[in-house]
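Data first, discussion second: the structure below is written as structure tokens.
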Amino acid sequence: MKQGLHPIQKRIAQFHGSQCGFCTPGIVMSVYSQFRSKPQSTPHELEESLDGNLCRCTGYRPILDAVKSLSNNKSCCNGEGNCDGCQCFDGNSTSDQIISSTEIQVKHAHSLNEELDSLKWTEPIFPPALHRLPNRSNLFNANDVSWYQPIDISTLLQLKQIYPNAKLVIGNTEVGIETKFKGLSFPTIISASRIPELKKIAIESIEGNRGLKVGSSVTLNKLKDYISSLVTGNECKSYELRGLIAINQMLTWFASNQIRNVASIAGNIITASPISDLNPLLIACRSSLYVTSLLSQSRIPIKDFFLSYRKVKLEPTEIVEYIFIPFTTEYEFIVPLKQARRREDDISIVTSGMNIKLNYQSNHWIIEDAMLAFGGLAPTTICANKTSTCLSNQLFNTSSYESAYETLCEEISLPSNVPGGQAEYRMTLALTFLFRSYLLVNSQLTEYIRSFSDGQLDRLPEAISTRVLSAINNFIVDAKHESRGEQSYYKRHEESLTNSEETKGSVGQSLMHKSASAQVTGEAIYTNDIPMPSNTCYAALVLSTRAHARLISIESSAAERSVGFIAFYSAKDITGSNHIGAVVKDEEVFVTEYVKHFGAVLGVVIATSHELANSIAKKVVVNYEDLPAIITIDDAIKSESFFEGRHEIVKGDVKQLELESDLIVEGDIKLGGQEHFYLETNCTIAIPHENDHLEIYSSTQNPTKTQNFCAYVTGLPASHVVARCKRMGGGFGGKETRSVFIACTAALSAYLLGRPVSINIERDVDMSITGQRHAFYLKYRAGCSKEGKLQFVDSTIYSNGGYSLDLSQAVLDRALFHSDNVYNWPAMRVRGLVCKTNQPSHTAFRGFGGPQGLLLSETIIEHFSRSINIPSNRIRESNFYEDGNKTHFGQTLVDFYIPSLWEKVIRLSNYSDRKTAIDEFNSANRWKKRGINALPTKFGINFTAKFMNQGGALVHVYQDGTVLIAHGGTEMGQGLHTKMIQVAAQSFNIPDNWVHISETATNTVANASPTAASMSTDLYGMAVLDACEQILKRLEPIRQSIKKQDFDPSWKEIITAAFFSRVDLSAHGYYIVPTDRCGYDWDLECDDNSKRGQPFNYFTQGVAVSEVEVDVLTGDTKIIRADILMDLGKSINPAIDIGQIEGAFIQGYGWCTMEELVWGDKDHLWIKTGQLFTRGPGTYKIPSFNDVPIDFRVHLSDTDNRFAVHSSKAVGEPPFFLGCSPAFAIKEAIYAAREEIGLSNHITINHPVTSERIRMACSDKFTSLTTNNNADYVPSGSW
């Protein structure tokens, strides 16, 4: 930072593309690498370069804008109107409103080359000394591993002869997974990455066939680039390249750019993944492997190479020298097909390569031969030989394929308990792939005849309607879309105390995140970056491998004999109390007798390194007596396993309104949980000091609870423990309480040892033991009038709380509070039960039960809509609350803006015209369907526990006029510290860079509430303001005393005078939400719910309109456009708030559509009982860059809020539910698909609305074959 930011770093920071910052250095380096390898990268290429990066905070849009604005080859016409659908205008910003867009940002920003030139920046070159290294084979030895690096094939073959079991690597992309997660070890590794012969790629003729000879070490991106050069060149006939083009199309979606840069083609083949994207295509291309050893050479067709799961036809001493991919003949067609949970950087659910070879005979096109290869249907890549035979020598037409579908269905039949699950979906995908292949081949043949066959139009294949041909467009063969965005907000009208440029960071300005510069450079310090004392030890948890069991014994002798072992601690070693818990102490730090969930903490191993600690922890032997386990909500209901405390809200006369209803519906819906997936996993450093003091550095949203329980477990007074948090790499509620038990293990170990202890849990462990968003089960009975006026709802809401209470009751309470959403139900009865199960304790997550509750009314409205044939949006808008109405829990709505927000966003989004266009699109397309949905939300702002609505801050003004703030909130990327700086800068009328926040610590601001409930700006902003006003009040006499006739003294002059006048320049600010605006007494028996209290200070409100397109054949979905209008009062920092809205929307979209938790339960018998299967990025998918709406528009309204600091409103959680808008739009598209076969009934589609649930709900002839004609088939899930 001191040397200045690189333009890439600077641009991402300036465009607000860094929130928590944990992912930012990786994103910077991806972009930097792209520019270094291709300086003239287009915006589209830059967007593609990020396909291997993930961000959980931003929603991606600001990052994409920043990156594309640096392009040296911008496609933007700079406002000249030459772009297709040009939007490159300067915006319509006014004196009151700021409007921006991707096009404006790209137009006005300097390119990377311009920035580098202006800075006279010289990029580093590859070190010449490395170029001069002698070209010789090398041997490296470390940690009991020998790494050989030969430089010719001869040496390689000799090494393989000597070490036949050695692991052969190129990019080394698989070894980490095999060693870390599969427990494999490789004492000898041979790297073939420096052998020139294996890196060649060229066109050759082999055994009479012309094709592409690809060296085994050729990387996937090198292959991709070479194929692209062939396509644009004239070395080959166009038809010869069909197979290679198909490979290229698949490689675009294969893994990530980073992996493709180093992974080799042969490495991918030999890994023998049963869901490989490449192997089915290579089989379809009739490719062969040329294998060699010191003693022999041979050719192996790839279709014969795979013997069993991860086993191939390759002797230990053999290597693959090259792969030969024959060119396709004139009427040979190759089709690439796949479907995954997420398009970018995801392994396939089913993948396929199909080869259809045609011959024109007797005025008909005949299928001369067919090769149908599949991944994802067996332990190996397979060929559907029976189906191929069924097609061969048949006419190339629809009828021939129709007869093949049943054959294929029988050939690939999967049992319901198949490992990986989704049996019906996987079979359906195979059938629809075959159908799609026919249409694609037909289309390509038609195009080829029209273009290259000398006008022989009489040879055109069977004509297919354009409606049906909608099936040929899919994400594999289509170009990746390029995204854009728009943002608008209103300026504040109040005047600053001065118009000085120095006050640019005051309230209402889009000040850059104060940590952004440190984050883009990688210099930001997170917990595990803190320099460790030399005597630091490292901890790893010993975890149970049972969901429910009695603990018989723990044997640690083998662990104690290990090199690097220091200590093992369990329950018997605790010096204070072993009992902890967020609300009630129903948890143990270390299990004593009964294991209650898979991954329960049995003890902690202390060792000399992080790696050794994790390795040694696995050596601890545990014996159990298994007990029956309750895993799901259904299990809990059947066993009546619930936590105490069953809350209920009743409004109106439910029975009477039921009698008056024209329509009554009954139904239910299951909502899956969600992993927080913060980029920084839970970690703590505990440092003991003199006199039994402990210093705890923890990645936590709750320093106070961390302090209290670390003291409680060690037996120390709280005053002897200081908890600190500088920043987190994401939290989202997951570090409100579940970080605490991990901190306790480090604190206890440090206290016992008298040495610093660091614990940094691995991603899979973090996901397995720290809990997630609660899964919910909503049951309802509801009624309305024939015009769609709501009458009553009677609902029972269940949540899966896990094994301990944690915050589950409060989460369920908020769900009950939000079950009305924005609708005035005349009568409601909602009751909630928290299920007690043998899962880890589930916990807070952005929204805290609100989104699950909000879905109740929306689900019922959608049910009404299908039942009385009234559009759901008409039902919504005719049932909105009005200002002054009371909610079902008795709170009077003040400043209720939903009706006006709704009207405005319908207009801004051009909803009516787009709905008409969607209807026309759906009529014109059989296998693509679109849907549009407008979804409102109101989200109550407060902790529902009254005592938590308090906040403190400490403000110091130093002699030079600079200011230091400490407050009780923690920074996790949401920009809290930045906003607090703006509040103080505005109060003192000084530049923002004169104000600083160092960290959050319990010895500066004590007894702070957790940073949660979207309350932190409200609480700490008011506390900071209070402290500043105290200081200003003391300074006013000083200012008056030194004021000159026409000139006010400067801030620094006032501070200097105040210091010498012995004025206190420090103040402790404090704020509580007024007593009458927080708290709710659930136990009070009354006839008016308002007597129970007012749980919320105010409501943040918003509306989203989302349009989606669904691939009916696979369930793949893309968001075409999203418009969001939020009421945030007067924003303190519009850019940060817009970033929060975008991030929340994408996170909500992930929860509703792709983020699926899968547990070992009765529907997933292939997983150990109670174990979380989706415990890493390989199996659990959050949205990626490619999932951002193609057109993403966010607008802030212009309102006031009398109940919060500077008239602002909370923003962190309220927009999350708007991310469900695409899910409801998807359901509209599903209904459009079902109408094609005459189905118009309401169906239950549980959440998340994954590609599986979408596809199987779009019932057709293919799903009928795999579900025994069940048009309302409901896929299983984990709830």
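Going through the structure tokens in order, the chains are called A, B, and so on, while each chain numbers its residues from 1 and the ligands are numbered from 1 in the order shown.
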Long-range neighbours of range 342-348 of chain A as a ChimeraX atom specification, 9 Å cut-off, only C-alpha atoms, 6 positions minimum in chain: /A:51-53,252-257,275-277,375-376,475,1116,1154,1177-1179,1181-1187,1251
Neighbour list for Ala1013 in chain A as number ranges by chain, cut-off 9 Å, only C-alpha atoms, skip fewer than 2 positions in-chain: A: 733, 846-848, 941-944, 1010-1011, 1015-1016, 1210, 1212-1213
So that I have them on file, write out the residues from the current selection with all heavy atoms, as a short mmCIF file (atom, residue, chain, number, x, y, z; two decimals), in the first residue's frame.
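Result written to part_21.cif:
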```
data_model
loop_
_atom_site.label_atom_id
_atom_site.label_comp_id
_atom_site.auth_asym_id
_atom_site.auth_seq_id
_atom_site.Cartn_x
_atom_site.Cartn_y
_atom_site.Cartn_z
N GLY A 733 -24.02 -14.28 10.37
CA GLY A 733 -24.74 -14.87 11.49
C GLY A 733 -24.08 -16.13 12.00
O GLY A 733 -24.30 -16.54 13.15
N ARG A 846 -28.25 -14.73 8.11
CA ARG A 846 -28.86 -13.53 7.55
C ARG A 846 -30.37 -13.69 7.32
O ARG A 846 -30.80 -14.48 6.49
CB ARG A 846 -28.15 -13.23 6.23
CG ARG A 846 -28.39 -11.87 5.65
CD ARG A 846 -27.63 -11.75 4.35
NE ARG A 846 -27.25 -10.39 4.03
CZ ARG A 846 -26.28 -10.06 3.17
NH1 ARG A 846 -25.59 -11.02 2.57
NH2 ARG A 846 -25.98 -8.81 2.92
N GLY A 847 -31.14 -12.96 8.06
CA GLY A 847 -32.59 -13.06 8.00
C GLY A 847 -33.18 -13.69 9.24
O GLY A 847 -34.33 -13.43 9.59
N PHE A 848 -32.43 -14.59 9.87
CA PHE A 848 -32.73 -15.09 11.22
C PHE A 848 -34.16 -15.62 11.32
O PHE A 848 -34.90 -15.30 12.23
CB PHE A 848 -32.51 -13.95 12.22
CG PHE A 848 -32.29 -14.40 13.63
CD1 PHE A 848 -31.07 -14.90 14.03
CD2 PHE A 848 -33.29 -14.30 14.58
CE1 PHE A 848 -30.85 -15.30 15.35
CE2 PHE A 848 -33.10 -14.70 15.90
CZ PHE A 848 -31.87 -15.20 16.28
N ILE A 941 -36.85 -4.48 12.26
CA ILE A 941 -35.50 -4.16 12.74
C ILE A 941 -35.52 -4.02 14.25
O ILE A 941 -36.17 -3.12 14.80
CB ILE A 941 -34.99 -2.86 12.08
CG1 ILE A 941 -35.05 -2.99 10.56
CG2 ILE A 941 -33.57 -2.56 12.55
CD1 ILE A 941 -34.27 -4.15 9.97
N ASN A 942 -34.82 -4.90 14.90
CA ASN A 942 -34.59 -4.95 16.34
C ASN A 942 -34.08 -6.34 16.68
O ASN A 942 -34.35 -7.31 15.94
CB ASN A 942 -35.88 -4.73 17.15
CG ASN A 942 -35.97 -3.34 17.77
OD1 ASN A 942 -35.06 -2.53 17.64
ND2 ASN A 942 -37.08 -3.06 18.42
N PHE A 943 -33.38 -6.46 17.79
CA PHE A 943 -33.28 -7.75 18.44
C PHE A 943 -34.64 -8.01 19.10
O PHE A 943 -35.19 -7.12 19.76
CB PHE A 943 -32.19 -7.74 19.52
CG PHE A 943 -30.78 -7.71 18.99
CD1 PHE A 943 -30.05 -6.54 19.00
CD2 PHE A 943 -30.19 -8.85 18.48
CE1 PHE A 943 -28.75 -6.50 18.53
CE2 PHE A 943 -28.89 -8.83 18.00
CZ PHE A 943 -28.16 -7.65 18.02
N THR A 944 -35.18 -9.20 18.91
CA THR A 944 -36.47 -9.47 19.54
C THR A 944 -36.33 -9.65 21.05
O THR A 944 -37.33 -9.57 21.77
CB THR A 944 -37.15 -10.70 18.90
OG1 THR A 944 -36.22 -11.79 18.87
CG2 THR A 944 -37.60 -10.38 17.48
N PRO A 1010 -24.12 -8.78 20.15
CA PRO A 1010 -23.46 -9.28 18.94
C PRO A 1010 -23.77 -8.41 17.74
O PRO A 1010 -24.78 -7.70 17.70
CB PRO A 1010 -24.06 -10.68 18.77
CG PRO A 1010 -25.36 -10.63 19.49
CD PRO A 1010 -25.16 -9.71 20.65
N THR A 1011 -22.88 -8.44 16.78
CA THR A 1011 -23.12 -7.73 15.52
C THR A 1011 -24.05 -8.59 14.70
O THR A 1011 -23.64 -9.49 13.98
CB THR A 1011 -21.79 -7.48 14.79
OG1 THR A 1011 -20.92 -6.78 15.67
CG2 THR A 1011 -22.01 -6.66 13.53
N MET A 1015 -28.70 -4.55 13.18
CA MET A 1015 -28.89 -3.47 14.15
C MET A 1015 -27.65 -2.64 14.41
O MET A 1015 -27.72 -1.61 15.11
CB MET A 1015 -29.37 -4.05 15.48
CG MET A 1015 -30.84 -4.35 15.54
SD MET A 1015 -31.84 -2.86 15.47
CE MET A 1015 -31.48 -2.13 17.06
N SER A 1016 -26.52 -3.02 13.87
CA SER A 1016 -25.27 -2.42 14.34
C SER A 1016 -25.13 -0.95 13.98
O SER A 1016 -24.68 -0.15 14.80
CB SER A 1016 -24.09 -3.23 13.80
OG SER A 1016 -24.13 -4.54 14.31
N ALA A 1210 -31.71 0.05 8.42
CA ALA A 1210 -30.88 -1.16 8.39
C ALA A 1210 -30.98 -1.83 7.03
O ALA A 1210 -32.02 -1.80 6.37
CB ALA A 1210 -31.33 -2.12 9.48
N GLY A 1212 -28.62 -4.96 6.13
CA GLY A 1212 -27.93 -6.24 5.95
C GLY A 1212 -28.83 -7.40 5.60
O GLY A 1212 -28.59 -8.14 4.65
N GLU A 1213 -29.90 -7.58 6.38
CA GLU A 1213 -30.78 -8.74 6.20
C GLU A 1213 -32.00 -8.49 5.31
O GLU A 1213 -32.43 -9.40 4.59
CB GLU A 1213 -31.25 -9.24 7.57
CG GLU A 1213 -30.13 -9.81 8.41
CD GLU A 1213 -30.59 -10.09 9.83
OE1 GLU A 1213 -30.82 -9.13 10.59
OE2 GLU A 1213 -30.73 -11.28 10.17
#
```
Shell of 6 Å around Cys537 in chain A, only C-alpha atoms, local chain residues under 4 positions omitted, as a PyMOL selection string: chain A and resi 607-608+757
Point-to-point distance in Å for CA of Ser1106 in chain A and CA of Thr937 in chain A: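 Computing it gives 14.1 Å between the two atoms.
When only C-alpha atoms are used to measure the gap to Gln707 in chain A, the shortest distance among A:Leu358, A:Ile162, A:Cys1220, A:Ala747 belongs to A:Ala747.
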Non-local contacts of range 1037-1047 of chain A (10 Å; only C-alpha atoms; under 2 positions in same chain excluded) as a PyMOL selection string: chain A and resi 1032-1035+1049-1051+1053-1059+1061+1063
Strand (DSSP E or B) positions in range 598-818 of chain A, given as a ChimeraX atom specification: /A:601-607,621-626,642,648-651,663-671,674,683-689,693-698,721-725,757-760,773,776-784,790-802
Range 549-633 of chain A: residues DSSP assigns to alpha helix (DSSP H), reported as a ChimeraX atom specification: /A:557-560,610-617,633
Would you write out those residues with N, CA and C atoms, as an mmCIF file, in the first residue's frame?
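What ended up in again_18.cif:
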```cif
data_model
loop_
_atom_site.group_PDB
_atom_site.id
_atom_site.type_symbol
_atom_site.label_atom_id
_atom_site.label_comp_id
_atom_site.auth_asym_id
_atom_site.auth_seq_id
_atom_site.Cartn_x
_atom_site.Cartn_y
_atom_site.Cartn_z
ATOM 1 N N SER A 557 -3.551 -42.926 23.233
ATOM 2 C CA SER A 557 -2.148 -43.348 23.330
ATOM 3 C C SER A 557 -1.436 -43.293 21.990
ATOM 4 N N ALA A 558 -2.096 -43.711 20.920
ATOM 5 C CA ALA A 558 -1.453 -43.662 19.600
ATOM 6 C C ALA A 558 -1.151 -42.228 19.204
ATOM 7 N N ALA A 559 -2.055 -41.332 19.521
ATOM 8 C CA ALA A 559 -1.828 -39.919 19.222
ATOM 9 C C ALA A 559 -0.655 -39.381 20.028
ATOM 10 N N GLU A 560 -0.568 -39.784 21.278
ATOM 11 C CA GLU A 560 0.487 -39.263 22.154
ATOM 12 C C GLU A 560 1.874 -39.706 21.713
ATOM 13 N N HIS A 610 -0.092 -26.822 12.671
ATOM 14 C CA HIS A 610 -1.499 -27.018 12.306
ATOM 15 C C HIS A 610 -1.684 -28.356 11.602
ATOM 16 N N GLU A 611 -0.797 -28.671 10.688
ATOM 17 C CA GLU A 611 -0.924 -29.904 9.915
ATOM 18 C C GLU A 611 -0.779 -31.131 10.813
ATOM 19 N N LEU A 612 0.206 -31.082 11.714
ATOM 20 C CA LEU A 612 0.400 -32.218 12.605
ATOM 21 C C LEU A 612 -0.773 -32.384 13.559
ATOM 22 N N ALA A 613 -1.304 -31.291 14.042
ATOM 23 C CA ALA A 613 -2.444 -31.378 14.959
ATOM 24 C C ALA A 613 -3.613 -32.078 14.283
ATOM 25 N N ASN A 614 -3.900 -31.711 13.044
ATOM 26 C CA ASN A 614 -5.010 -32.343 12.328
ATOM 27 C C ASN A 614 -4.732 -33.810 12.057
ATOM 28 N N SER A 615 -3.502 -34.137 11.749
ATOM 29 C CA SER A 615 -3.142 -35.535 11.488
ATOM 30 C C SER A 615 -3.224 -36.366 12.763
ATOM 31 N N ILE A 616 -2.722 -35.823 13.846
ATOM 32 C CA ILE A 616 -2.704 -36.583 15.109
ATOM 33 C C ILE A 616 -4.107 -36.765 15.654
ATOM 34 N N ALA A 617 -4.974 -35.760 15.467
ATOM 35 C CA ALA A 617 -6.344 -35.862 15.985
ATOM 36 C C ALA A 617 -7.059 -37.072 15.412
ATOM 37 N N ILE A 633 -36.825 -33.252 10.251
ATOM 38 C CA ILE A 633 -38.046 -32.722 10.864
ATOM 39 C C ILE A 633 -39.114 -33.807 10.903
#
```
Nearby residues (only C-alpha atoms) at most 10 Å from range 725-731 of chain A, same-chain spacing under 3 positions excluded, as an mmCIF file with C-alpha atoms, in the first residue's frame:
```
data_model
loop_
_atom_site.group_PDB
_atom_site.id
_atom_site.type_symbol
_atom_site.label_atom_id
_atom_site.label_comp_id
_atom_site.auth_asym_id
_atom_site.auth_seq_id
_atom_site.Cartn_x
_atom_site.Cartn_y
_atom_site.Cartn_z
ATOM 1 C CA GLN A 19 -16.493 -6.137 1.272
ATOM 2 C CA CYS A 20 -15.054 -8.675 3.723
ATOM 3 C CA GLY A 21 -12.000 -8.819 1.461
ATOM 4 C CA PHE A 22 -11.063 -12.434 2.082
ATOM 5 C CA CYS A 23 -11.611 -13.394 -1.557
ATOM 6 C CA CYS A 55 -17.332 -14.185 -3.384
ATOM 7 C CA ARG A 56 -19.963 -14.537 -0.675
ATOM 8 C CA CYS A 57 -20.448 -10.811 0.043
ATOM 9 C CA SER A 515 -10.307 -1.490 4.561
ATOM 10 C CA ALA A 524 -5.504 -6.801 5.546
ATOM 11 C CA ILE A 525 -4.955 -8.745 8.751
ATOM 12 C CA TYR A 526 -7.424 -11.486 9.622
ATOM 13 C CA THR A 527 -7.272 -13.582 12.767
ATOM 14 C CA HIS A 676 -22.973 -19.659 5.690
ATOM 15 C CA PHE A 677 -19.910 -20.371 3.566
ATOM 16 C CA TYR A 678 -17.973 -17.436 4.941
ATOM 17 C CA LEU A 679 -14.619 -17.494 3.182
ATOM 18 C CA GLU A 680 -12.672 -17.360 6.469
ATOM 19 C CA THR A 681 -13.442 -20.408 8.560
ATOM 20 C CA ASN A 682 -13.666 -20.217 12.346
ATOM 21 C CA CYS A 683 -10.338 -19.517 13.982
ATOM 22 C CA THR A 684 -9.019 -18.302 17.322
ATOM 23 C CA ILE A 696 -8.435 -14.006 22.735
ATOM 24 C CA TYR A 697 -8.212 -13.068 19.048
ATOM 25 C CA SER A 698 -11.233 -14.583 17.375
ATOM 26 C CA SER A 699 -13.120 -14.369 14.111
ATOM 27 C CA THR A 700 -16.417 -13.705 15.828
ATOM 28 C CA GLN A 701 -19.485 -11.523 15.644
ATOM 29 C CA ASN A 702 -19.768 -11.782 19.416
ATOM 30 C CA PRO A 703 -16.671 -10.722 21.367
ATOM 31 C CA GLY A 734 -22.653 -18.029 11.569
ATOM 32 C CA LYS A 735 -20.166 -16.462 13.976
ATOM 33 C CA GLU A 736 -22.728 -14.976 16.349
ATOM 34 C CA SER A 739 -17.677 -19.439 16.953
ATOM 35 C CA ALA A 844 -28.361 -17.512 13.070
ATOM 36 C CA PHE A 845 -28.091 -16.751 9.384
ATOM 37 C CA ARG A 846 -28.855 -13.533 7.551
ATOM 38 C CA GLY A 969 -19.792 -3.839 16.577
ATOM 39 C CA THR A 970 -17.524 -6.066 14.537
ATOM 40 C CA GLU A 971 -16.530 -5.612 10.903
ATOM 41 C CA MET A 972 -17.263 -8.552 8.613
ATOM 42 C CA GLY A 973 -17.380 -6.716 5.278
ATOM 43 C CA GLN A 974 -20.685 -4.911 5.771
ATOM 44 C CA HIS A 977 -16.617 0.747 10.558
ATOM 45 C CA ILE A 997 -11.160 2.476 13.964
ATOM 46 C CA SER A 998 -8.591 -0.103 14.979
ATOM 47 C CA GLU A 999 -10.516 -3.138 16.224
ATOM 48 C CA THR A 1000 -13.367 -4.319 18.388
ATOM 49 C CA ALA A 1001 -12.350 -5.371 21.872
ATOM 50 C CA THR A 1002 -14.067 -6.072 25.164
ATOM 51 C CA THR A 1011 -23.117 -7.733 15.519
ATOM 52 C CA ALA A 1012 -26.361 -9.154 14.236
#
```
Nearest residue to Asp794 in chain A from the set A:Ser857, A:Ser293, A:Thr58, A:Ser264 (distances using only C-alpha atoms):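 Residue with the minimum atom-to-atom distance to Asp794 in chain A: A:Ser857.
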Would you tabulate, counting only C-alpha atoms, all residues of range 528-557 of chain A that have an atom at most 10 Å from an atom of range 1169-1175 of chain A, showing the closest pair of atoms and their distance in Å to one decimal, sorted by chain then ascending number, as CSV?
```
residue,atom,partner,partner_atom,distance
A:Thr545,CA,A:Gln1171,CA,8.1
A:Arg546,CA,A:Gly1170,CA,7.3
A:Ala547,CA,A:Gly1170,CA,5.0
A:His548,CA,A:Gly1170,CA,8.4
```
Take the selection from the previous step and output its residues with N, CA and C atoms, as a compact mmCIF listing (two decimals), in the first residue's frame.
```txt
# COMPACT_ATOMS: atom_id res chain seq x y z
N THR A 545 -17.85 -39.68 15.27
CA THR A 545 -18.25 -40.21 13.95
C THR A 545 -19.59 -40.94 14.06
N ARG A 546 -20.37 -40.53 15.02
CA ARG A 546 -21.72 -41.06 15.20
C ARG A 546 -22.68 -39.89 15.40
N ALA A 547 -23.93 -40.09 15.02
CA ALA A 547 -24.93 -39.05 15.20
C ALA A 547 -25.53 -39.10 16.61
N HIS A 548 -25.66 -40.29 17.15
CA HIS A 548 -26.22 -40.44 18.49
C HIS A 548 -25.65 -41.71 19.09
```
Shortest interatomic distance to Ala284 in chain A - which of A:Ser639, A:Leu372, A:Lys338, A:Arg136, counting only C-alpha atoms: A:Leu372
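Near range 1092-1104 of chain A, within 6 Å and counting only C-alpha atoms, sit Gln891, Ala934, Leu935, Pro936, Thr937, Lys938, Phe939, Gly940, Ile941, Asn942, Thr944, Arg1077, Cys1078, Gly1079, Tyr1080, Asp1081, Asp1123, Ile1124, Leu1125, Met1126, Asp1127 and Leu1218 of chain A; same-chain residues fewer than 5 positions away were not included.
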Spatial neighbours of range 959-963 of chain A, max dist 12 Å, only C-alpha atoms, sep filter under 5 positions, as a PyMOL selection string: chain A and resi 954+980-985+987-998+1024+1027-1028+1031+1050-1060+1062-1067
Among the residues A:Pro274, A:Pro531, A:Pro756, A:Gly1176, the one that comes closest to Thr380 in chain A [using only C-alpha atoms]: A:Pro274
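Using only C-alpha atoms, the shortest contact distance between Thr1244 in chain A and any of A:Gln791, A:Thr859, A:Thr432, A:Arg914 is found at A:Thr859.
With distances restricted to only C-alpha atoms, A:Ser1264 is the closest residue to Glu406 in chain A from A:Ser111, A:Ser1264, A:Ser517, A:Asn708.
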Atomic distance CA of Ile177 in chain A - CA of Asn261 in chain A, expressed in Å with one decimal: 18.0 Å
